[in-house]
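What follows is protein-v5.csv (CSV, C-alpha atoms).
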```csv
chain,number,residue,atom,x,y,z
A,264,MET,CA,23.4,-29.8,-3.6
A,265,ASP,CA,20.6,-27.2,-3.8
A,266,GLN,CA,21.7,-23.6,-3.4
A,267,LEU,CA,20.4,-21.8,-0.3
A,268,ILE,CA,18.3,-18.7,-0.6
A,269,TYR,CA,17.2,-16.0,1.8
A,270,VAL,CA,14.3,-13.7,0.9
A,271,ASN,CA,13.0,-10.9,2.9
A,272,TYR,CA,11.2,-7.5,2.5
A,273,ILE,CA,10.2,-4.3,4.1
A,274,GLY,CA,7.2,-2.1,3.1
A,275,CYS,CA,3.7,-2.4,1.8
A,276,GLU,CA,1.5,-5.4,0.9
A,277,LYS,CA,2.4,-5.2,-2.8
A,278,ARG,CA,6.1,-5.5,-2.0
A,279,LYS,CA,5.3,-8.3,0.4
A,280,LEU,CA,3.5,-10.1,-2.5
A,281,ASP,CA,6.5,-9.5,-4.7
A,282,ALA,CA,8.8,-11.1,-2.2
A,283,GLN,CA,6.6,-14.1,-1.9
A,284,ARG,CA,6.4,-14.5,-5.7
A,285,ILE,CA,10.2,-14.4,-5.9
A,286,LEU,CA,10.5,-16.9,-3.2
A,287,ASP,CA,8.0,-19.2,-4.9
A,288,PHE,CA,9.9,-18.8,-8.2
A,289,LEU,CA,13.2,-19.7,-6.6
A,290,ILE,CA,11.8,-22.7,-4.8
A,291,ALA,CA,10.2,-23.9,-8.0
A,292,ASN,CA,13.7,-23.7,-9.5
A,293,ASP,CA,15.2,-26.0,-6.9
A,294,TYR,CA,16.6,-23.4,-4.5
A,295,GLN,CA,16.3,-24.2,-0.8
A,296,GLN,CA,15.1,-21.6,1.6
A,297,THR,CA,17.1,-20.7,4.8
A,298,GLU,CA,16.4,-18.3,7.6
A,299,GLU,CA,20.1,-17.7,8.1
A,300,PHE,CA,21.2,-15.2,5.6
A,301,GLU,CA,24.9,-15.7,6.4
A,302,LYS,CA,24.6,-19.2,4.8
A,303,ALA,CA,22.7,-18.2,1.7
A,304,ASP,CA,24.2,-18.5,-1.7
A,305,LEU,CA,21.6,-15.9,-2.9
A,306,ILE,CA,19.9,-13.2,-0.9
A,307,VAL,CA,17.0,-11.2,-2.3
A,308,TYR,CA,15.9,-8.2,-0.3
A,309,ILE,CA,12.8,-6.1,-1.3
A,310,THR,CA,13.0,-2.5,-0.1
A,311,CYS,CA,10.7,0.4,0.6
A,312,ALA,CA,11.3,4.1,-0.2
A,313,PHE,CA,7.8,5.4,0.7
A,314,CYS,CA,9.5,8.0,2.9
A,315,LYS,CA,12.9,8.7,4.4
A,316,GLU,CA,12.1,6.6,7.5
A,317,TYR,CA,11.5,3.5,5.4
A,318,GLU,CA,14.5,4.3,3.2
A,319,ASP,CA,16.7,4.4,6.2
A,320,TRP,CA,15.4,1.0,7.5
A,321,SER,CA,16.0,-0.5,4.0
A,322,ILE,CA,19.6,0.8,3.9
A,323,GLU,CA,20.2,-0.4,7.5
A,324,ASN,CA,19.0,-3.9,6.6
A,325,ILE,CA,20.9,-4.0,3.2
A,326,ARG,CA,24.1,-3.0,5.1
A,327,LYS,CA,23.6,-5.9,7.5
A,328,LEU,CA,23.1,-8.4,4.7
A,329,TYR,CA,25.9,-6.9,2.6
A,330,ASP,CA,28.4,-7.1,5.4
A,331,ASN,CA,27.6,-10.7,6.2
A,332,ILE,CA,27.2,-12.3,2.7
A,333,LYS,CA,29.1,-15.5,2.3
A,334,LYS,CA,32.0,-15.7,-0.1
A,335,GLY,CA,30.8,-16.1,-3.6
A,336,GLY,CA,27.2,-15.2,-2.6
A,337,LYS,CA,24.9,-12.8,-4.5
A,338,LEU,CA,22.8,-10.0,-3.2
A,339,ILE,CA,19.8,-8.8,-5.2
A,340,VAL,CA,18.1,-5.6,-4.0
A,341,GLY,CA,14.6,-5.0,-5.3
A,342,GLY,CA,11.5,-3.0,-4.4
A,343,CYS,CA,11.2,0.7,-4.7
A,344,LEU,CA,14.5,2.0,-3.5
A,345,PRO,CA,16.5,1.2,-6.7
A,346,SER,CA,14.2,3.5,-8.7
A,347,ILE,CA,13.6,6.2,-6.1
A,348,SER,CA,17.0,6.7,-4.4
A,349,PRO,CA,19.6,4.7,-6.3
A,350,PHE,CA,22.4,7.0,-5.0
A,351,ARG,CA,21.9,5.5,-1.6
A,352,LEU,CA,23.1,2.1,-3.0
A,353,LYS,CA,26.3,3.4,-4.6
A,354,ASP,CA,28.5,2.1,-1.8
A,355,PHE,CA,27.2,-1.5,-2.1
A,356,HIS,CA,29.5,-2.8,-4.9
A,357,LYS,CA,28.4,-5.8,-7.1
A,358,ILE,CA,24.8,-5.9,-5.8
A,359,ILE,CA,22.2,-6.7,-8.5
A,360,LEU,CA,19.3,-4.3,-8.8
A,361,LEU,CA,15.8,-5.6,-9.5
A,362,TYR,CA,13.1,-3.0,-10.4
A,363,VAL,CA,9.5,-3.3,-9.3
A,364,ARG,CA,7.9,-3.8,-12.7
A,365,GLN,CA,10.8,-5.9,-14.0
A,366,LEU,CA,10.8,-8.9,-11.8
A,367,ASP,CA,11.2,-11.1,-14.9
A,368,HIS,CA,14.8,-9.9,-15.2
A,369,LEU,CA,15.4,-12.7,-12.7
A,370,ASP,CA,15.2,-15.0,-15.7
A,371,SER,CA,18.3,-13.4,-17.3
A,372,ILE,CA,20.1,-13.2,-14.0
A,373,LEU,CA,19.6,-16.7,-12.8
A,374,LYS,CA,18.8,-18.7,-16.1
A,375,PRO,CA,16.0,-20.8,-14.4
A,376,HIS,CA,14.3,-23.8,-16.0
A,377,ILE,CA,10.9,-22.4,-14.9
A,378,PRO,CA,10.5,-18.7,-15.9
A,379,LEU,CA,9.0,-16.2,-13.6
A,380,ASN,CA,5.9,-15.7,-15.9
A,381,GLN,CA,4.8,-19.2,-14.9
A,382,ILE,CA,4.7,-18.3,-11.2
A,383,PRO,CA,1.3,-16.7,-10.3
A,384,ASP,CA,0.8,-13.9,-7.9
A,385,PRO,CA,0.5,-15.4,-4.4
A,386,ASN,CA,-2.4,-14.7,-2.1
A,387,ILE,CA,-0.9,-15.7,1.2
A,388,THR,CA,2.7,-15.1,2.2
A,389,CYS,CA,5.2,-16.5,4.8
A,390,PHE,CA,6.0,-12.9,5.9
A,391,GLU,CA,2.8,-12.2,7.8
A,392,ASP,CA,4.3,-12.2,11.3
A,393,LEU,CA,7.2,-10.1,10.4
A,394,GLU,CA,7.5,-7.0,12.6
A,395,TYR,CA,9.9,-4.1,12.2
A,396,GLU,CA,11.9,-3.7,15.4
A,397,THR,CA,12.0,0.1,15.1
A,398,ARG,CA,8.3,0.5,14.1
A,399,LYS,CA,6.2,2.0,16.9
A,400,ILE,CA,2.5,0.9,16.8
A,401,ASP,CA,0.0,3.2,18.5
A,402,ASP,CA,-1.7,1.2,21.1
A,403,ARG,CA,-4.8,3.4,20.8
A,404,ARG,CA,-5.6,2.0,17.3
A,405,THR,CA,-9.3,1.5,16.9
A,406,SER,CA,-10.8,-2.0,16.7
A,407,ILE,CA,-11.5,-1.4,13.0
A,408,HIS,CA,-7.9,-0.4,12.3
A,409,LYS,CA,-6.7,-3.5,14.1
A,410,GLU,CA,-9.2,-5.6,12.0
A,411,TYR,CA,-8.0,-3.9,8.8
A,412,GLU,CA,-4.3,-4.7,9.7
A,413,ASP,CA,-5.2,-8.3,10.5
A,414,ALA,CA,-7.0,-8.6,7.1
A,415,LYS,CA,-3.7,-7.6,5.5
A,416,LYS,CA,-2.1,-10.7,7.0
A,417,GLY,CA,-4.8,-13.0,5.5
A,418,PHE,CA,-5.8,-13.8,1.9
A,419,LYS,CA,-4.8,-11.0,-0.5
A,420,ILE,CA,-5.7,-10.3,-4.1
A,421,ARG,CA,-3.7,-7.8,-6.1
A,422,ILE,CA,-5.9,-6.3,-8.8
A,423,ASN,CA,-3.6,-3.8,-10.4
A,424,TYR,CA,-0.1,-2.2,-10.5
A,425,GLY,CA,0.8,1.4,-10.6
A,426,CYS,CA,-1.8,4.3,-10.8
A,427,LEU,CA,-3.0,7.2,-12.9
A,428,GLY,CA,-2.1,9.9,-10.4
A,429,ASP,CA,0.7,12.5,-10.5
A,430,CYS,CA,0.6,13.6,-6.8
A,431,SER,CA,3.2,16.2,-6.2
A,432,TYR,CA,4.5,14.5,-3.0
A,433,CYS,CA,4.6,11.0,-4.3
A,434,VAL,CA,7.8,9.2,-5.3
A,435,THR,CA,6.4,5.7,-5.3
A,436,ARG,CA,5.1,6.2,-8.8
A,437,TYR,CA,8.6,6.4,-10.1
A,438,ALA,CA,9.0,2.8,-9.1
A,439,THR,CA,5.6,1.4,-9.7
A,440,LYS,CA,5.0,3.2,-13.0
A,441,SER,CA,1.7,3.5,-14.9
A,442,LEU,CA,-1.5,1.6,-14.3
A,443,GLU,CA,-1.7,-2.0,-15.3
A,444,SER,CA,-4.8,-3.9,-14.3
A,445,LYS,CA,-4.8,-7.6,-13.8
A,446,PRO,CA,-7.2,-9.5,-16.2
A,447,ILE,CA,-10.6,-9.9,-14.6
A,448,SER,CA,-10.6,-13.6,-15.3
A,449,VAL,CA,-7.4,-14.0,-13.2
A,450,ILE,CA,-8.9,-12.0,-10.4
A,451,LYS,CA,-12.1,-14.1,-10.5
A,452,ASN,CA,-10.1,-17.3,-10.3
A,453,GLU,CA,-8.2,-16.0,-7.2
A,454,PHE,CA,-11.5,-14.9,-5.7
A,455,ILE,CA,-13.1,-18.3,-6.3
A,456,ASN,CA,-10.1,-19.9,-4.6
A,457,ALA,CA,-10.6,-17.7,-1.6
A,458,ILE,CA,-14.3,-18.8,-1.3
A,459,GLN,CA,-13.5,-22.5,-1.8
A,460,THR,CA,-10.8,-22.4,0.9
A,461,LYS,CA,-13.3,-20.6,3.2
A,462,GLN,CA,-11.4,-17.4,3.7
A,463,SER,CA,-13.2,-15.1,6.1
A,464,SER,CA,-11.4,-12.0,4.9
A,465,ILE,CA,-10.2,-11.0,1.4
A,466,PHE,CA,-7.9,-8.1,1.2
A,467,ILE,CA,-8.0,-6.3,-2.1
A,468,THR,CA,-4.8,-4.4,-2.9
A,469,GLY,CA,-3.1,-2.6,-5.7
A,470,GLY,CA,-1.5,0.7,-6.7
A,471,ASP,CA,-4.9,2.3,-6.6
A,472,THR,CA,-7.7,-0.2,-6.2
A,473,GLY,CA,-10.4,2.3,-7.3
A,474,ALA,CA,-8.6,2.8,-10.6
A,475,TYR,CA,-9.0,-0.8,-11.6
A,476,GLY,CA,-9.6,-1.4,-15.3
A,477,LEU,CA,-9.2,2.2,-16.5
A,478,ASP,CA,-6.3,1.1,-18.7
A,479,ASN,CA,-8.4,-1.5,-20.5
A,480,SER,CA,-12.0,-0.1,-20.8
A,481,LEU,CA,-13.2,-1.6,-17.5
A,482,ASN,CA,-13.7,0.0,-14.1
A,483,ILE,CA,-14.1,-0.9,-10.4
A,484,VAL,CA,-17.9,-1.1,-10.7
A,485,VAL,CA,-17.6,-3.9,-13.3
A,486,LEU,CA,-15.1,-5.8,-11.2
A,487,LEU,CA,-17.2,-5.4,-8.0
A,488,ARG,CA,-20.4,-6.6,-9.6
A,489,SER,CA,-18.5,-9.6,-10.9
A,490,LEU,CA,-16.9,-10.5,-7.6
A,491,LEU,CA,-20.0,-9.8,-5.4
A,492,SER,CA,-22.1,-12.2,-7.6
A,493,PHE,CA,-20.2,-15.1,-5.8
A,494,GLU,CA,-22.0,-16.3,-2.7
A,495,GLY,CA,-20.0,-16.8,0.5
A,496,THR,CA,-19.4,-15.6,4.0
A,497,TYR,CA,-16.4,-13.5,3.1
A,498,LYS,CA,-15.7,-9.9,4.0
A,499,LEU,CA,-13.9,-7.5,1.6
A,500,TYR,CA,-11.3,-5.0,2.7
A,501,PHE,CA,-10.1,-2.4,0.2
A,502,HIS,CA,-6.6,-1.0,0.4
A,503,ASP,CA,-5.9,2.5,-1.0
A,504,PHE,CA,-9.1,3.2,-3.0
A,505,GLY,CA,-8.6,6.6,-4.6
A,506,VAL,CA,-11.4,8.8,-3.3
A,507,ASN,CA,-11.7,10.5,-6.7
A,508,TRP,CA,-13.0,7.2,-8.1
A,509,LEU,CA,-15.6,6.9,-5.3
A,510,ILE,CA,-16.8,10.4,-6.4
A,511,ARG,CA,-16.7,9.5,-10.1
A,512,TYR,CA,-18.6,6.2,-9.7
A,513,PHE,CA,-20.7,7.0,-6.6
A,514,LYS,CA,-24.1,6.7,-8.3
A,515,GLN,CA,-23.2,3.1,-9.4
A,516,LEU,CA,-21.2,2.1,-6.3
A,517,LEU,CA,-23.8,3.2,-3.7
A,518,PRO,CA,-26.5,0.7,-4.7
A,519,LEU,CA,-23.8,-2.1,-4.9
A,520,MET,CA,-22.7,-1.1,-1.4
A,521,ILE,CA,-26.2,-1.1,0.0
A,522,GLN,CA,-27.0,-4.5,-1.6
A,523,ASN,CA,-23.8,-6.1,-0.4
A,524,LYS,CA,-23.3,-4.5,3.0
A,525,ASP,CA,-22.8,-7.9,4.5
A,526,LYS,CA,-19.8,-8.6,2.3
A,527,LEU,CA,-18.1,-5.1,2.1
A,528,ARG,CA,-16.4,-4.5,5.4
A,529,VAL,CA,-13.7,-1.7,5.1
A,530,PHE,CA,-12.6,0.9,2.5
A,531,ASN,CA,-9.5,2.9,3.0
A,532,PHE,CA,-9.9,6.2,1.0
A,533,PRO,CA,-6.7,8.3,1.2
A,534,ILE,CA,-7.8,11.9,1.2
A,535,GLN,CA,-4.6,13.6,2.5
A,536,SER,CA,-6.0,17.0,3.3
A,537,GLY,CA,-9.2,18.9,4.1
A,538,SER,CA,-8.0,22.0,2.4
A,539,ASN,CA,-8.8,22.6,-1.3
A,540,LYS,CA,-5.8,24.8,-1.6
A,541,ILE,CA,-3.5,22.0,-0.3
A,542,LEU,CA,-5.3,19.4,-2.4
A,543,GLN,CA,-4.6,21.5,-5.5
A,544,LEU,CA,-0.9,21.8,-4.6
A,545,MET,CA,-0.9,18.1,-4.0
A,546,HIS,CA,-2.3,17.5,-7.5
A,547,ARG,CA,-5.3,15.7,-6.0
A,548,SER,CA,-8.2,15.8,-8.5
A,549,TYR,CA,-11.2,16.5,-6.3
A,550,LYS,CA,-12.7,19.1,-4.1
A,551,ILE,CA,-13.1,18.4,-0.4
A,552,GLU,CA,-16.8,19.3,-0.6
A,553,GLU,CA,-17.3,16.4,-3.1
A,554,VAL,CA,-15.5,14.0,-0.7
A,555,ILE,CA,-17.6,15.1,2.3
A,556,LYS,CA,-20.9,14.8,0.3
A,557,CYS,CA,-20.2,11.2,-0.8
A,558,LEU,CA,-18.8,10.0,2.6
A,559,LYS,CA,-21.7,11.5,4.6
A,560,ILE,CA,-24.2,9.7,2.3
A,561,LEU,CA,-22.2,6.5,2.6
A,562,LYS,CA,-22.0,6.7,6.4
A,563,LYS,CA,-25.7,7.3,6.6
A,564,LYS,CA,-26.9,4.7,4.0
A,565,VAL,CA,-24.5,2.0,4.8
A,566,PRO,CA,-23.1,2.3,8.4
A,567,GLU,CA,-22.1,-1.3,8.2
A,568,ILE,CA,-19.2,-0.3,5.9
A,569,LYS,CA,-16.2,1.1,7.8
A,570,ILE,CA,-14.1,3.9,6.4
A,571,GLY,CA,-10.5,4.8,7.0
A,572,THR,CA,-8.3,7.5,5.4
A,573,HIS,CA,-4.7,8.9,5.1
A,574,ILE,CA,-3.8,12.4,6.1
A,575,ILE,CA,-0.5,14.3,5.4
A,576,VAL,CA,0.3,17.1,7.8
A,577,GLY,CA,2.9,19.9,7.2
A,578,PHE,CA,2.7,19.9,3.4
A,579,PRO,CA,4.5,23.0,1.9
A,580,GLY,CA,2.2,26.0,2.1
A,581,GLU,CA,-0.1,24.5,4.7
A,582,THR,CA,-1.2,27.3,7.0
A,583,GLU,CA,-2.9,26.9,10.3
A,584,THR,CA,-6.2,27.6,8.5
A,585,ASP,CA,-5.5,24.8,6.0
A,586,PHE,CA,-4.6,22.5,8.8
A,587,MET,CA,-7.8,23.3,10.7
A,588,GLU,CA,-9.8,22.5,7.6
A,589,THR,CA,-8.3,19.0,7.8
A,590,VAL,CA,-9.2,18.8,11.5
A,591,ASN,CA,-12.7,19.9,10.5
A,592,LEU,CA,-12.9,17.0,8.0
A,593,ILE,CA,-12.3,14.5,10.8
A,594,ASP,CA,-15.0,16.2,12.9
A,595,ILE,CA,-17.5,16.0,10.1
A,596,ILE,CA,-16.7,12.5,8.8
A,597,HIS,CA,-16.4,10.1,11.7
A,598,PHE,CA,-13.7,7.9,10.3
A,599,ASP,CA,-13.2,4.4,11.7
A,600,PHE,CA,-9.5,4.8,11.5
A,601,LEU,CA,-7.0,7.4,10.6
A,602,MET,CA,-3.4,7.1,9.4
A,603,VAL,CA,-1.5,10.4,9.7
A,604,PHE,CA,1.9,11.0,8.0
A,605,LYS,CA,4.3,13.8,8.5
A,606,TYR,CA,5.4,15.5,5.2
A,607,SER,CA,9.0,15.0,4.3
A,608,ASP,CA,10.9,16.1,1.2
A,609,ASN,CA,12.3,13.8,-1.5
A,610,ASN,CA,14.3,15.4,-4.3
A,611,LEU,CA,12.3,13.3,-6.9
A,612,ALA,CA,9.0,14.8,-5.7
A,613,ASP,CA,7.6,18.0,-7.3
A,614,SER,CA,6.7,19.2,-3.8
A,615,SER,CA,10.4,19.3,-2.8
A,616,LYS,CA,10.7,22.4,-5.0
A,617,PHE,CA,7.8,24.2,-3.4
A,618,SER,CA,8.3,27.2,-1.2
A,619,ASP,CA,6.8,27.9,2.2
A,620,LYS,CA,8.1,24.7,3.8
A,621,ILE,CA,6.8,23.9,7.3
A,622,ASP,CA,9.3,23.5,10.1
A,623,ASP,CA,9.6,20.2,12.0
A,624,VAL,CA,8.3,21.7,15.2
A,625,SER,CA,5.1,22.8,13.6
A,626,ILE,CA,4.7,19.5,11.7
A,627,ASN,CA,5.1,17.5,15.0
A,628,LYS,CA,2.7,19.8,16.7
A,629,ARG,CA,0.0,19.3,14.0
A,630,TYR,CA,0.6,15.6,13.9
A,631,ASN,CA,0.1,15.2,17.6
A,632,TYR,CA,-2.9,17.5,17.6
A,633,ILE,CA,-4.9,15.7,14.8
A,634,VAL,CA,-4.0,12.2,16.1
A,635,ASP,CA,-5.1,13.1,19.6
A,636,LYS,CA,-8.3,14.8,18.3
A,637,PHE,CA,-9.2,11.8,16.3
A,638,TYR,CA,-8.9,9.4,19.2
A,639,LYS,CA,-10.8,11.7,21.5
A,640,ASN,CA,-13.6,12.0,18.9
A,641,PHE,CA,-13.6,8.2,18.2
A,642,TYR,CA,-13.7,7.0,21.8
A,643,LYS,CA,-16.2,9.6,22.8
A,644,GLU,CA,-18.5,8.2,20.2
A,645,VAL,CA,-18.1,4.6,21.2
A,646,LEU,CA,-18.5,5.1,25.0
```
Would you mind writing the file out in structure tokens?
Amino acid sequence: MDQLIYVNYIGCEKRKLDAQRILDFLIANDYQQTEEFEKADLIVYITCAFCKEYEDWSIENIRKLYDNIKKGGKLIVGGCLPSISPFRLKDFHKIILLYVRQLDHLDSILKPHIPLNQIPDPNITCFEDLEYETRKIDDRRTSIHKEYEDAKKGFKIRINYGCLGDCSYCVTRYATKSLESKPISVIKNEFINAIQTKQSSIFITGGDTGAYGLDNSLNIVVLLRSLLSFEGTYKLYFHDFGVNWLIRYFKQLLPLMIQNKDKLRVFNFPIQSGSNKILQLMHRSYKIEEVIKCLKILKKKVPEIKIGTHIIVGFPGETETDFMETVNLIDIIHFDFLMVFKYSDNNLADSSKFSDKIDDVSINKRYNYIVDKFYKNFYKEVL
């Protein structure tokens, strides 16, 4: 009788793709999927440790699985948590840890007849309708933000793993490691598949999509030129495109964007702060003036391309003046959507050792202020 498996995840699109690839691998090796984890012989749970909130959700879900595992069953815990906060897993005895960049360790754990390296990266997953019960979604989200989130649930192509950054607040890099770009031939084959299957949206994801190819003498311009040469009615959505790469390649990217404005729909450029002092403390490798210059030109020359960003409020040392410089950024650049995150410490992050921590009351006040300001600006423009 085939063994029963239960696979689930929490977190970003990359971990969702990992979960689907593991599920594909197990099914290829004659396991049978079940939605009832209490009946599963093998449970694989992919975690998130992006921030404490997601760590807590991950631990809560692991506890539920661990307490209800059948006699003789195995629980494999993967994703970012094992690398970032392994101490939080110490009470779960006999679980098996699976690290983000070492999925092929499943071969030694399970002794399959089809190894993991024969299972390709998926483009569509069975987890698209999964909602986190404790996650609150702002019902003021702009139409472009909703469209971007919908594109996440469609056809996805992962173009790289890891990044080249050393952001002082980031702990994800301890799990995802250094940059590794997928071969351009593999990406093109996935892209052709999207066109042939008439996908209306193609969501480009990775550790830092703008850093594509910088580990192997290529770059994002080369990749974009190659992909955009294919005819079709698709729209591209770019996830977490480092704004420093937009600045670096702007002279080459702008003509491509103008020529392909009917194919390029959304770019998410995480900026994090409008203050040069805070950007320096964050180890972000650009000046806010460079960001504003490029984005103003892009908004003027190619208004068809929609732009989103990430902002962190309450970073250590952020004064009211620094915060208002970030508010000024969203007044100058009329972003199509904004994702705001409250700073929180993690002992692995360099920023946890910084002085001048901001109290929770101030962080919440700044969070509410900038979110409300953004929506007032946005809906004032569209009315």
Closest atom pairs, residues of stretch 443-480 of chain A within 12 Å of stretch 524-545 of chain A, all atoms listed in the file, as CSV:
```
residue,atom,partner,partner_atom,distance
A:Ser463,CA,A:Lys526,CA,10.0
A:Ser464,CA,A:Arg528,CA,9.0
A:Ile465,CA,A:Arg528,CA,9.8
A:Phe466,CA,A:Val529,CA,9.5
A:Ile467,CA,A:Phe530,CA,9.7
A:Thr468,CA,A:Asn531,CA,10.5
A:Asp471,CA,A:Phe532,CA,9.9
A:Thr472,CA,A:Asn531,CA,9.9
A:Gly473,CA,A:Phe532,CA,9.2
```
Which polymer residues, protein or nucleic acid, are no farther than 8 Å from (-0.9, -7.0, 3.2), counting all atoms listed in the file, as a PyMOL selection string? chain A and resi 275-277+279-280+391+412+414-417+419+466+468
Using only C-alpha atoms - which residues lie no farther than 12 Å from the point (17.7, -15.2, -13.9) in the file's frame? Write them as a PyMOL selection string. chain A and resi 285+288-289+292+305+339+359+361+365-380
How many Å lie between atom CA of A:Pro518 and atom CA of A:Val485, rounded to one decimal? 13.2 Å
Find the spatial neighbours of A:Glu453, counting only C-alpha atoms, within a cut-off of 9 Å - ignore same-chain residues fewer than 4 positions away - and output them as a list of chain:residue names.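 Once the nearby chain positions are removed, what remains is A:Asn386, A:Ile420, A:Ser448, A:Val449, A:Ala457, A:Ile458.
Shortest separation to A:Ser348 among A:Lys569, A:Val363, A:Glu494, A:Asn609 occurs at residue A:Asn609, atoms counted being all atoms listed in the file.
With distances taken over all atoms listed in the file, A:Lys353 is the one residue among A:Asn610, A:Leu561, A:Lys353, A:Gln462 lying closest to A:Arg326.
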For A:Glu298, which of A:Tyr638, A:Thr584, A:Arg547, A:Ile268 is the closest residue, counting all atoms listed in the file?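 Closest candidate: A:Ile268.
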Which distance in Å separates atom CA of A:Ala474 and atom CA of A:Gln522, to one decimal?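 Computing the Euclidean distance for atom CA of A:Ala474 and atom CA of A:Gln522 yields 21.7 Å.
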To one decimal place in Å, what is the distance between atom CA of A:His356 and atom CA of A:Glu301?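 These atoms are spaced 17.8 Å apart.
If you count all atoms listed in the file and ignore residues fewer than 2 places along the chain from A:Ile358, what sits within 9 Å of it is Tyr329, Lys337, Leu338, Ile339, Val340, Leu352, Phe355, His356 and Leu360 of chain A.
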